[in-house]
>>> print(open('query_10.pdb').read())   # PDB, C-alpha atoms and all ligand atoms
ATOM      1  CA  MET A 199       8.908  -5.138   3.536
ATOM      2  CA  LEU A 200       6.103  -4.161   1.188
ATOM      3  CA  LEU A 201       8.421  -3.902  -1.813
ATOM      4  CA  SER A 202      11.750  -5.736  -1.915
ATOM      5  CA  VAL A 203      14.479  -5.214  -4.465
ATOM      6  CA  GLU A 204      16.712  -8.259  -4.098
ATOM      7  CA  ALA A 205      20.196  -8.391  -5.682
ATOM      8  CA  VAL A 206      18.880  -6.804  -8.877
ATOM      9  CA  SER A 207      21.250  -6.283 -11.803
ATOM     10  CA  ARG A 208      20.685  -5.027 -15.314
ATOM     11  CA  ALA A 209      23.334  -4.733 -17.991
ATOM     12  CA  PHE A 210      23.103  -2.938 -21.320
ATOM     13  CA  GLY A 211      25.855  -4.455 -23.420
ATOM     14  CA  GLY A 212      28.944  -3.908 -21.307
ATOM     15  CA  VAL A 213      27.367  -1.293 -19.028
ATOM     16  CA  ARG A 214      26.153  -2.501 -15.641
ATOM     17  CA  ALA A 215      23.411   0.057 -15.179
ATOM     18  CA  VAL A 216      22.212  -1.644 -11.963
ATOM     19  CA  ASP A 217      24.634  -3.900 -10.146
ATOM     20  CA  GLY A 218      23.354  -6.161  -7.356
ATOM     21  CA  ALA A 219      21.037  -3.572  -5.793
ATOM     22  CA  THR A 220      19.169  -4.635  -2.647
ATOM     23  CA  PHE A 221      16.818  -2.491  -0.591
ATOM     24  CA  GLY A 222      13.282  -2.516   0.751
ATOM     25  CA  LEU A 223      10.325  -0.169   0.965
ATOM     26  CA  ALA A 224       8.219  -0.469   4.123
ATOM     27  CA  ALA A 225       4.446   0.009   4.084
ATOM     28  CA  GLY A 226       3.437   3.660   4.499
ATOM     29  CA  GLU A 227       6.967   4.895   3.880
ATOM     30  CA  VAL A 228       8.248   7.614   1.552
ATOM     31  CA  HIS A 229      11.518   6.165   0.302
ATOM     32  CA  GLY A 230      14.008   8.205  -1.690
ATOM     33  CA  LEU A 231      16.249   6.767  -4.396
ATOM     34  CA  ILE A 232      19.056   9.185  -5.158
ATOM     35  CA  GLY A 233      22.447   9.164  -6.839
ATOM     36  CA  PRO A 234      24.532  11.074  -9.376
ATOM     37  CA  ASN A 235      23.627  11.145 -13.091
ATOM     38  CA  GLY A 236      23.779   7.704 -14.660
ATOM     39  CA  ALA A 237      23.718   5.923 -11.280
ATOM     40  CA  GLY A 238      20.944   3.584 -12.443
ATOM     41  CA  LYS A 239      17.903   5.124 -10.739
ATOM     42  CA  THR A 240      15.618   5.219 -13.781
ATOM     43  CA  THR A 241      16.719   1.741 -14.859
ATOM     44  CA  LEU A 242      15.777   0.444 -11.408
ATOM     45  CA  LEU A 243      12.406   2.196 -11.544
ATOM     46  CA  ASN A 244      11.819   0.679 -14.994
ATOM     47  CA  ILE A 245      12.577  -2.759 -13.565
ATOM     48  CA  VAL A 246      10.245  -2.272 -10.585
ATOM     49  CA  SER A 247       7.412  -1.069 -12.849
ATOM     50  CA  GLY A 248       7.851  -3.934 -15.335
ATOM     51  CA  LEU A 249       9.169  -1.930 -18.297
ATOM     52  CA  LEU A 250      12.489  -3.769 -18.084
ATOM     53  CA  ARG A 251      13.433  -7.246 -16.950
ATOM     54  CA  PRO A 252      16.374  -7.532 -14.588
ATOM     55  CA  THR A 253      19.361  -9.503 -15.897
ATOM     56  CA  SER A 254      19.348 -11.175 -12.474
ATOM     57  CA  GLY A 255      17.728 -10.695  -9.085
ATOM     58  CA  GLN A 256      14.118 -10.432  -7.959
ATOM     59  CA  ILE A 257      11.437  -7.892  -7.114
ATOM     60  CA  ARG A 258       8.726  -8.827  -4.615
ATOM     61  CA  LEU A 259       5.560  -6.996  -3.694
ATOM     62  CA  ASP A 260       4.330  -8.252  -0.345
ATOM     63  CA  GLY A 261       6.118 -11.538  -1.058
ATOM     64  CA  THR A 262       4.822 -11.994  -4.619
ATOM     65  CA  ARG A 263       7.418 -11.951  -7.399
ATOM     66  CA  THR A 264       6.743  -9.194  -9.901
ATOM     67  CA  ASP A 265       9.980  -9.075 -11.917
ATOM     68  CA  GLY A 266       9.392 -10.124 -15.507
ATOM     69  CA  LEU A 267       5.661  -9.271 -15.377
ATOM     70  CA  ALA A 268       4.290  -6.803 -17.951
ATOM     71  CA  PRO A 269       3.726  -3.232 -16.694
ATOM     72  CA  HIS A 270      -0.101  -3.564 -16.689
ATOM     73  CA  ARG A 271       0.193  -6.688 -14.531
ATOM     74  CA  VAL A 272       2.540  -4.951 -12.111
ATOM     75  CA  ALA A 273       0.068  -2.043 -12.011
ATOM     76  CA  ALA A 274      -2.824  -4.426 -11.339
ATOM     77  CA  LEU A 275      -0.872  -5.818  -8.369
ATOM     78  CA  GLY A 276      -0.578  -2.306  -6.957
ATOM     79  CA  VAL A 277       2.526  -0.584  -8.315
ATOM     80  CA  THR A 278       1.966   2.473 -10.530
ATOM     81  CA  ARG A 279       4.284   5.232 -11.685
ATOM     82  CA  THR A 280       4.740   8.624 -13.208
ATOM     83  CA  PHE A 281       7.450   9.417 -15.747
ATOM     84  CA  GLN A 282      10.274  11.959 -15.858
ATOM     85  CA  ASN A 283       8.706  13.725 -18.844
ATOM     86  CA  ILE A 284       5.072  14.702 -18.449
ATOM     87  CA  ARG A 285       2.733  12.367 -20.306
ATOM     88  CA  LEU A 286      -0.588  14.156 -20.513
ATOM     89  CA  PHE A 287      -2.838  14.847 -23.509
ATOM     90  CA  PRO A 288      -2.441  18.652 -23.737
ATOM     91  CA  GLN A 289      -5.691  19.183 -25.681
ATOM     92  CA  LEU A 290      -7.794  17.259 -23.170
ATOM     93  CA  SER A 291      -8.991  18.757 -19.907
ATOM     94  CA  ALA A 292      -7.399  17.868 -16.584
ATOM     95  CA  LEU A 293     -10.502  15.785 -15.787
ATOM     96  CA  GLU A 294     -10.369  13.942 -19.122
ATOM     97  CA  ASN A 295      -6.715  13.122 -18.577
ATOM     98  CA  VAL A 296      -7.579  11.481 -15.253
ATOM     99  CA  LEU A 297     -10.571   9.756 -16.917
ATOM    100  CA  VAL A 298      -8.242   8.149 -19.456
ATOM    101  CA  GLY A 299      -6.702   6.219 -16.566
ATOM    102  CA  GLU A 300     -10.160   5.265 -15.284
ATOM    103  CA  HIS A 301     -11.191   3.993 -18.735
ATOM    104  CA  LEU A 302      -8.037   1.969 -19.198
ATOM    105  CA  ARG A 303      -8.719   0.173 -15.930
ATOM    106  CA  ARG A 304     -12.398  -0.482 -16.610
ATOM    107  CA  ASP A 305     -13.010  -3.703 -18.439
ATOM    108  CA  ALA A 306     -16.414  -2.915 -19.954
ATOM    109  CA  PRO A 307     -17.014  -5.006 -23.072
ATOM    110  CA  LEU A 308     -16.419  -3.182 -26.335
ATOM    111  CA  TRP A 309     -20.102  -3.184 -27.436
ATOM    112  CA  ARG A 310     -21.014  -1.360 -24.239
ATOM    113  CA  ARG A 311     -18.645   1.422 -25.097
ATOM    114  CA  MET A 312     -19.890   1.652 -28.688
ATOM    115  CA  VAL A 313     -23.672   1.755 -28.245
ATOM    116  CA  PHE A 314     -25.693   3.757 -25.770
ATOM    117  CA  HIS A 315     -26.565   1.707 -22.737
ATOM    118  CA  PRO A 316     -28.000   3.015 -19.457
ATOM    119  CA  ALA A 317     -25.491   0.986 -17.449
ATOM    120  CA  ALA A 318     -22.655   2.472 -19.499
ATOM    121  CA  ALA A 319     -23.991   5.986 -18.901
ATOM    122  CA  ARG A 320     -24.114   5.277 -15.160
ATOM    123  CA  GLU A 321     -20.567   3.928 -15.213
ATOM    124  CA  GLU A 322     -19.412   6.981 -17.116
ATOM    125  CA  ARG A 323     -20.955   9.284 -14.508
ATOM    126  CA  ALA A 324     -19.346   7.293 -11.696
ATOM    127  CA  ALA A 325     -15.979   7.427 -13.460
ATOM    128  CA  ARG A 326     -16.276  11.226 -13.808
ATOM    129  CA  GLU A 327     -17.103  11.591 -10.139
ATOM    130  CA  ARG A 328     -14.126   9.458  -9.209
ATOM    131  CA  ALA A 329     -11.845  11.461 -11.507
ATOM    132  CA  LEU A 330     -13.055  14.679  -9.909
ATOM    133  CA  ALA A 331     -12.425  13.243  -6.432
ATOM    134  CA  LEU A 332      -8.893  12.343  -7.538
ATOM    135  CA  LEU A 333      -8.330  15.905  -8.730
ATOM    136  CA  GLU A 334      -9.601  17.100  -5.358
ATOM    137  CA  ARG A 335      -6.939  14.969  -3.661
ATOM    138  CA  VAL A 336      -4.243  16.895  -5.528
ATOM    139  CA  ARG A 337      -6.111  20.203  -4.972
ATOM    140  CA  LEU A 338      -6.939  20.738  -8.612
ATOM    141  CA  ALA A 339     -10.714  20.250  -8.646
ATOM    142  CA  ASP A 340     -11.165  23.919  -9.521
ATOM    143  CA  ARG A 341      -9.084  23.443 -12.703
ATOM    144  CA  ALA A 342     -10.839  20.216 -13.796
ATOM    145  CA  GLY A 343     -12.223  21.736 -17.007
ATOM    146  CA  GLU A 344      -9.028  23.456 -18.134
ATOM    147  CA  ARG A 345      -6.997  22.007 -20.967
ATOM    148  CA  ALA A 346      -3.959  20.210 -19.525
ATOM    149  CA  GLY A 347      -1.636  22.092 -21.877
ATOM    150  CA  THR A 348      -2.624  25.423 -20.337
ATOM    151  CA  LEU A 349      -1.892  24.363 -16.739
ATOM    152  CA  SER A 350       1.364  25.283 -15.057
ATOM    153  CA  TYR A 351       4.116  22.696 -14.974
ATOM    154  CA  GLY A 352       3.468  21.964 -11.307
ATOM    155  CA  GLU A 353      -0.262  21.549 -11.933
ATOM    156  CA  GLN A 354       0.393  19.144 -14.805
ATOM    157  CA  ARG A 355       2.512  17.015 -12.484
ATOM    158  CA  ARG A 356      -0.326  16.946 -10.006
ATOM    159  CA  VAL A 357      -2.751  15.791 -12.720
ATOM    160  CA  GLU A 358      -0.358  12.927 -13.477
ATOM    161  CA  ILE A 359      -0.214  12.002  -9.810
ATOM    162  CA  ALA A 360      -4.040  12.087  -9.631
ATOM    163  CA  ARG A 361      -4.219   9.749 -12.612
ATOM    164  CA  ALA A 362      -1.713   7.363 -11.009
ATOM    165  CA  LEU A 363      -3.634   7.436  -7.703
ATOM    166  CA  GLY A 364      -6.754   6.303  -9.579
ATOM    167  CA  ALA A 365      -5.284   2.800  -9.593
ATOM    168  CA  GLU A 366      -5.283   2.945  -5.742
ATOM    169  CA  PRO A 367      -1.650   1.831  -5.799
ATOM    170  CA  ARG A 368       0.006   0.273  -2.789
ATOM    171  CA  VAL A 369       3.258   1.678  -4.136
ATOM    172  CA  LEU A 370       3.513   4.884  -6.153
ATOM    173  CA  LEU A 371       6.749   5.334  -8.110
ATOM    174  CA  LEU A 372       7.630   8.954  -8.849
ATOM    175  CA  ASP A 373      10.436   9.632 -11.330
ATOM    176  CA  GLU A 374      11.830  13.118 -10.689
ATOM    177  CA  PRO A 375       8.452  14.745 -10.029
ATOM    178  CA  THR A 376      10.008  18.172  -9.389
ATOM    179  CA  ALA A 377      12.279  18.331 -12.452
ATOM    180  CA  GLY A 378      12.028  21.803 -13.984
ATOM    181  CA  MET A 379       9.826  23.236 -11.229
ATOM    182  CA  ASN A 380      10.155  26.543  -9.446
ATOM    183  CA  PRO A 381      10.600  26.537  -5.636
ATOM    184  CA  ALA A 382       6.905  27.204  -4.940
ATOM    185  CA  GLU A 383       5.887  24.267  -7.125
ATOM    186  CA  VAL A 384       8.494  22.034  -5.462
ATOM    187  CA  GLU A 385       6.998  22.992  -2.104
ATOM    188  CA  GLN A 386       3.514  21.953  -3.303
ATOM    189  CA  VAL A 387       4.773  18.600  -4.567
ATOM    190  CA  ALA A 388       6.579  18.012  -1.258
ATOM    191  CA  GLY A 389       3.290  18.548   0.598
ATOM    192  CA  LEU A 390       1.454  16.348  -1.859
ATOM    193  CA  ILE A 391       3.898  13.459  -1.433
ATOM    194  CA  ARG A 392       3.411  13.514   2.344
ATOM    195  CA  GLU A 393      -0.383  13.597   1.868
ATOM    196  CA  VAL A 394      -0.233  10.669  -0.540
ATOM    197  CA  ALA A 395       1.698   8.684   2.091
ATOM    198  CA  LYS A 396      -0.872   9.593   4.743
ATOM    199  CA  LEU A 397      -3.595   8.199   2.493
ATOM    200  CA  GLY A 398      -1.812   4.846   2.772
ATOM    201  CA  HIS A 399       0.191   4.744  -0.473
ATOM    202  CA  SER A 400       3.883   3.981  -0.068
ATOM    203  CA  VAL A 401       6.085   6.133  -2.277
ATOM    204  CA  LEU A 402       9.375   5.401  -4.017
ATOM    205  CA  LEU A 403      10.765   8.764  -5.059
ATOM    206  CA  VAL A 404      13.597   9.189  -7.564
ATOM    207  CA  GLU A 405      14.925  12.720  -7.228
ATOM    208  CA  HIS A 406      17.880  14.967  -7.884
ATOM    209  CA  ASN A 407      16.613  17.552  -5.446
ATOM    210  CA  VAL A 408      18.440  16.433  -2.296
ATOM    211  CA  PRO A 409      16.880  19.022   0.068
ATOM    212  CA  LEU A 410      13.433  17.811  -1.037
ATOM    213  CA  VAL A 411      14.434  14.192  -0.418
ATOM    214  CA  SER A 412      15.753  15.106   3.035
ATOM    215  CA  LYS A 413      12.488  16.828   3.808
ATOM    216  CA  VAL A 414       9.919  14.299   2.625
ATOM    217  CA  CYS A 415      11.603  10.896   2.852
ATOM    218  CA  ASP A 416      11.552   8.546   5.833
ATOM    219  CA  ARG A 417      14.435   6.551   4.373
ATOM    220  CA  VAL A 418      16.819   6.959   1.463
ATOM    221  CA  THR A 419      18.813   4.548  -0.694
ATOM    222  CA  VAL A 420      21.811   5.954  -2.532
ATOM    223  CA  LEU A 421      23.007   4.426  -5.801
ATOM    224  CA  ASN A 422      26.345   5.041  -7.483
ATOM    225  CA  PHE A 423      27.462   3.189 -10.610
ATOM    226  CA  GLY A 424      24.481   0.873 -10.184
ATOM    227  CA  ARG A 425      25.385  -0.139  -6.633
ATOM    228  CA  VAL A 426      23.757   0.707  -3.333
ATOM    229  CA  ILE A 427      26.371   2.718  -1.433
ATOM    230  CA  ALA A 428      24.184   3.855   1.480
ATOM    231  CA  ASP A 429      20.762   3.215   2.981
ATOM    232  CA  GLY A 430      19.202   4.888   5.997
ATOM    233  CA  THR A 431      17.419   7.978   7.219
ATOM    234  CA  PRO A 432      18.145  11.153   5.218
ATOM    235  CA  ALA A 433      20.382  12.455   8.035
ATOM    236  CA  GLU A 434      22.355   9.197   8.139
ATOM    237  CA  VAL A 435      22.989   8.965   4.405
ATOM    238  CA  MET A 436      23.830  12.650   3.986
ATOM    239  CA  ARG A 437      26.732  12.388   6.407
ATOM    240  CA  ASP A 438      27.966   9.066   4.984
ATOM    241  CA  PRO A 439      31.452   9.679   3.509
ATOM    242  CA  ALA A 440      30.726   7.403   0.516
ATOM    243  CA  VAL A 441      27.714   9.566  -0.352
ATOM    244  CA  VAL A 442      29.639  12.804   0.068
ATOM    245  CA  ASP A 443      32.350  11.406  -2.226
ATOM    246  CA  ALA A 444      29.862  10.250  -4.854
ATOM    247  CA  TYR A 445      28.225  13.673  -4.983
ATOM    248  CA  LEU A 446      31.467  15.615  -4.997
ATOM    249  CA  GLY A 447      32.812  13.283  -7.668
ATOM    250  CA  THR A 448      35.971  12.413  -5.772
ATOM    251  CA  ARG A 449      37.081   8.788  -5.881
ATOM    252  CA  ARG A 450      39.165   7.106  -3.233
TER     253      ARG A 450
HETATM  254  N1  LIG A 501      18.529   1.502 -22.890
HETATM  255  C1  LIG A 501      19.816   1.672 -22.546
HETATM  256  N2  LIG A 501      20.806   1.240 -23.350
HETATM  257  C2  LIG A 501      22.099   1.396 -23.005
HETATM  258  N3  LIG A 501      22.524   1.977 -21.857
HETATM  259  C3  LIG A 501      21.574   2.423 -21.023
HETATM  260  C4  LIG A 501      20.186   2.305 -21.311
HETATM  261  N4  LIG A 501      19.487   2.845 -20.276
HETATM  262  C5  LIG A 501      20.414   3.283 -19.399
HETATM  263  N5  LIG A 501      21.662   3.034 -19.846
HETATM  264  C6  LIG A 501      22.915   3.339 -19.132
HETATM  265  O1  LIG A 501      22.782   2.818 -17.824
HETATM  266  C7  LIG A 501      23.338   3.718 -16.861
HETATM  267  C8  LIG A 501      22.275   4.101 -15.845
HETATM  268  O2  LIG A 501      21.302   4.951 -16.454
HETATM  269  P1  LIG A 501      20.012   5.491 -15.717
HETATM  270  O3  LIG A 501      19.253   6.321 -16.700
HETATM  271  O4  LIG A 501      19.293   4.357 -15.075
HETATM  272  O5  LIG A 501      20.638   6.413 -14.588
HETATM  273  P2  LIG A 501      19.945   7.542 -13.696
HETATM  274  O6  LIG A 501      20.512   7.380 -12.344
HETATM  275  O7  LIG A 501      18.464   7.448 -13.833
HETATM  276  O8  LIG A 501      20.479   8.857 -14.372
HETATM  277  P3  LIG A 501      19.839  10.341 -14.409
HETATM  278  O9  LIG A 501      19.914  10.840 -12.999
HETATM  279  O10 LIG A 501      20.753  11.069 -15.314
HETATM  280  O11 LIG A 501      18.430  10.213 -14.917
HETATM  281  C9  LIG A 501      23.915   4.880 -17.639
HETATM  282  O12 LIG A 501      25.289   4.622 -17.867
HETATM  283  C10 LIG A 501      23.143   4.844 -18.943
HETATM  284  O13 LIG A 501      23.897   5.381 -19.995
END
>>> encode(input="query_10.pdb", output="structure tokens", more="lines below")
Ligand SMILES: Nc1ncnc2c1ncn2[C@@H]1O[C@H](COP(=O)(O)OP(=O)(O)OP(=O)(O)O)[C@@H](O)[C@H]1O
Amino acid sequence: MLLSVEAVSRAFGGVRAVDGATFGLAAGEVHGLIGPNGAGKTTLLNIVSGLLRPTSGQIRLDGTRTDGLAPHRVAALGVTRTFQNIRLFPQLSALENVLVGEHLRRDAPLWRRMVFHPAAAREERAARERALALLERVRLADRAGERAGTLSYGEQRRVEIARALGAEPRVLLLDEPTAGMNPAEVEQVAGLIREVAKLGHSVLLVEHNVPLVSKVCDRVTVLNFGRVIADGTPAEVMRDPAVVDAYLGTRR
């Protein structure tokens, strides 16, 4: 497995938000993580991306433990994410928003950024070209100069995905990328997720949109009350009685 979640638990006071969750993400796979409200999906994503430490259990990326590492370290190892709420600078252009990610990753010494230097100018040009190429990957190159705040919701999501792809992640974590989108925008994101996987990035997708998950995911893990209740192909998990019960809210 490229990414392994091994017996991970996280409690908040008395609430077991994640309770002994185990599952794996294979290389090149689009893996869905679904479950009713409050099932622990975002908490698990926060643990995988380093924003939260698990109370117990381990996360491994290609065998290397990543749980307990700071988010920038986890990102440097190849796991990047987008958030449920869009986190762009609305006054900056789409290109500049992607460039912010490029700048954060570049480790040019401070003096180089403060005084004019031919090498810095060259680096800046290269960073812009890369940012434009990233926008091309999400089919937004033609909107590169537009202020992010004026783009449609779906386009803003794609800018965020472009920025995350700038880190060349081995694993891309998407937290409800279609929340609040209209059906046409959902369709575009579905296509984009498959393209991202084809480019060699594995994807862990947290979603409420079950038809989308069925369409784009190779495998799905279902959480309920912090526990994994099913794991398999979309068709397998959708006909699992435990999953049907969890979604209909009936308890045995
Ligand atoms: N920082 C926190 N402090 C206390 N409780 C928390 C905290 N974060 C999450 N929880 C609780 O942990 C449980 C799991 O929450 P989480 O947000 O991970 O679920 P989710 O599956 O992502 O839900 P949703 O689909 O609504 O986004 C919930 O009962 C929630 O109230």
>>> closest_residue(input="query_10.pdb", among="A:Thr262, A:Thr241, A:Thr278, A:Thr376", to="ligand LIG 501 (chain A)", atoms="only C-alpha atoms and all ligand atoms")
A:Thr241
>>> resolve_selection(input="query_10.pdb", expression="the PyMOL selection byres (((not hetatm)) within 7 of (chain A and resi 501))", output="VMD selection string")
chain A and resid 210 to 211 213 to 216 233 to 242 406 424
>>> closest_residue(input="query_10.pdb", among="A:Ala325, A:Val387, A:Val228, A:Met436", to="Arg337 in chain A", atoms="all atoms listed in the file")
A:Val387
>>> resolve_selection(input="query_10.pdb", expression="the PyMOL selection byres (((chain A and resi 430) around 10) and not hetatm)", output="PyMOL selection string")
chain A and resi 229-230+416-420+428-429+431-436+438
>>> atom_distance(input="query_10.pdb", atom1="CA of Arg368 in chain A", atom2="CA of Arg355 in chain A")
19.5 Å
>>> atom_distance(input="query_10.pdb", atom1="CA of Leu332 in chain A", atom2="CA of Val272 in chain A")
21.2 Å
>>> closest_residue(input="query_10.pdb", among="A:Val426, A:Ala362, A:Leu372, A:Leu390", to="Ala274 in chain A", atoms="only C-alpha atoms")
A:Ala362
>>> residues_around(input="query_10.pdb", residues="Ile359 in chain A", least_positions_apart="2", cutoff="12 Å", atoms="only C-alpha atoms", output="VMD selection string")
chain A and resid 278 to 281 284 to 286 292 295 to 296 299 329 332 to 338 352 to 357 361 to 367 370 to 373 375 to 376 387 390 to 391 393 to 394 399 401
>>> write_last_selection(input="query_10.pdb", atoms="C-alpha atoms", output="compact mmCIF listing (two decimals), keeping the file's coordinate frame")
# COMPACT_ATOMS: atom_id res chain seq x y z
CA THR A 278 1.97 2.47 -10.53
CA ARG A 279 4.28 5.23 -11.68
CA THR A 280 4.74 8.62 -13.21
CA PHE A 281 7.45 9.42 -15.75
CA ILE A 284 5.07 14.70 -18.45
CA ARG A 285 2.73 12.37 -20.31
CA LEU A 286 -0.59 14.16 -20.51
CA ALA A 292 -7.40 17.87 -16.58
CA ASN A 295 -6.72 13.12 -18.58
CA VAL A 296 -7.58 11.48 -15.25
CA GLY A 299 -6.70 6.22 -16.57
CA ALA A 329 -11.84 11.46 -11.51
CA LEU A 332 -8.89 12.34 -7.54
CA LEU A 333 -8.33 15.90 -8.73
CA GLU A 334 -9.60 17.10 -5.36
CA ARG A 335 -6.94 14.97 -3.66
CA VAL A 336 -4.24 16.90 -5.53
CA ARG A 337 -6.11 20.20 -4.97
CA LEU A 338 -6.94 20.74 -8.61
CA GLY A 352 3.47 21.96 -11.31
CA GLU A 353 -0.26 21.55 -11.93
CA GLN A 354 0.39 19.14 -14.80
CA ARG A 355 2.51 17.02 -12.48
CA ARG A 356 -0.33 16.95 -10.01
CA VAL A 357 -2.75 15.79 -12.72
CA ARG A 361 -4.22 9.75 -12.61
CA ALA A 362 -1.71 7.36 -11.01
CA LEU A 363 -3.63 7.44 -7.70
CA GLY A 364 -6.75 6.30 -9.58
CA ALA A 365 -5.28 2.80 -9.59
CA GLU A 366 -5.28 2.94 -5.74
CA PRO A 367 -1.65 1.83 -5.80
CA LEU A 370 3.51 4.88 -6.15
CA LEU A 371 6.75 5.33 -8.11
CA LEU A 372 7.63 8.95 -8.85
CA ASP A 373 10.44 9.63 -11.33
CA PRO A 375 8.45 14.74 -10.03
CA THR A 376 10.01 18.17 -9.39
CA VAL A 387 4.77 18.60 -4.57
CA LEU A 390 1.45 16.35 -1.86
CA ILE A 391 3.90 13.46 -1.43
CA GLU A 393 -0.38 13.60 1.87
CA VAL A 394 -0.23 10.67 -0.54
CA HIS A 399 0.19 4.74 -0.47
CA VAL A 401 6.08 6.13 -2.28
>>> atom_distance(input="query_10.pdb", atom1="CA of Tyr351 in chain A", atom2="CA of Asn407 in chain A")
16.5 Å
>>> closest_residue(input="query_10.pdb", among="A:Ala377, A:Ala382, A:Val414, A:Ala324", to="Lys396 in chain A", atoms="all atoms listed in the file")
A:Val414
>>> resolve_selection(input="query_10.pdb", expression="the PyMOL selection byres (((chain A and resi 265) around 9) and not hetatm)", output="list of chain:residue names")
A:Ile245, A:Val246, A:Ser247, A:Gly248, A:Leu250, A:Arg251, A:Pro252, A:Gly255, A:Gln256, A:Ile257, A:Arg258, A:Arg263, A:Thr264, A:Gly266, A:Leu267, A:Ala268, A:Val272
>>> closest_residue(input="query_10.pdb", among="A:Glu374, A:Glu344, A:Glu385, A:Asp443", to="Leu403 in chain A", atoms="only C-alpha atoms")
A:Glu374
>>> closest_residue(input="query_10.pdb", among="A:Cys415, A:Leu421, A:Ala219, A:Leu349", to="Ser400 in chain A", atoms="all atoms listed in the file")
A:Cys415
>>> axis_aligned_box(input="query_10.pdb", around="range 388-407 of chain A", padding_each_side="3 Å", output="lines of an AutoDock Vina configuration file")
center_x = 7.1
center_y = 11.3
center_z = -1.6
size_x = 27.5
size_y = 20.6
size_z = 18.6
>>> decode(input="query_10.pdb", residues="range 404-434 of chain A", atoms="C-alpha atoms", output="mmCIF file, in the first residue's frame")
data_model
loop_
_atom_site.group_PDB
_atom_site.id
_atom_site.type_symbol
_atom_site.label_atom_id
_atom_site.label_comp_id
_atom_site.auth_asym_id
_atom_site.auth_seq_id
_atom_site.Cartn_x
_atom_site.Cartn_y
_atom_site.Cartn_z
ATOM 1 C CA VAL A 404 -13.798 12.601 1.136
ATOM 2 C CA GLU A 405 -17.256 13.158 -0.306
ATOM 3 C CA HIS A 406 -20.936 13.287 0.501
ATOM 4 C CA ASN A 407 -21.872 12.911 -3.134
ATOM 5 C CA VAL A 408 -22.268 9.126 -3.320
ATOM 6 C CA PRO A 409 -23.005 8.939 -7.081
ATOM 7 C CA LEU A 410 -19.766 10.857 -7.713
ATOM 8 C CA VAL A 411 -17.839 8.476 -5.455
ATOM 9 C CA SER A 412 -19.343 5.481 -7.263
ATOM 10 C CA LYS A 413 -18.305 6.977 -10.567
ATOM 11 C CA VAL A 414 -14.726 8.046 -9.903
ATOM 12 C CA CYS A 415 -13.436 5.768 -7.143
ATOM 13 C CA ASP A 416 -11.648 2.452 -7.606
ATOM 14 C CA ARG A 417 -12.237 1.567 -3.960
ATOM 15 C CA VAL A 418 -14.242 3.029 -1.104
ATOM 16 C CA THR A 419 -13.929 2.930 2.683
ATOM 17 C CA VAL A 420 -17.057 3.658 4.690
ATOM 18 C CA LEU A 421 -16.851 5.156 8.178
ATOM 19 C CA ASN A 422 -19.641 5.293 10.737
ATOM 20 C CA PHE A 423 -19.144 6.583 14.278
ATOM 21 C CA GLY A 424 -15.400 6.622 13.633
ATOM 22 C CA ARG A 425 -15.226 2.962 12.620
ATOM 23 C CA VAL A 426 -14.641 1.356 9.254
ATOM 24 C CA ILE A 427 -17.863 -0.517 8.484
ATOM 25 C CA ALA A 428 -17.109 -1.451 4.863
ATOM 26 C CA ASP A 429 -14.246 -1.415 2.377
ATOM 27 C CA GLY A 430 -14.309 -2.494 -1.250
ATOM 28 C CA THR A 431 -15.276 -1.463 -4.747
ATOM 29 C CA PRO A 432 -18.107 1.098 -4.947
ATOM 30 C CA ALA A 433 -20.539 -1.633 -6.072
ATOM 31 C CA GLU A 434 -19.557 -3.881 -3.158
#
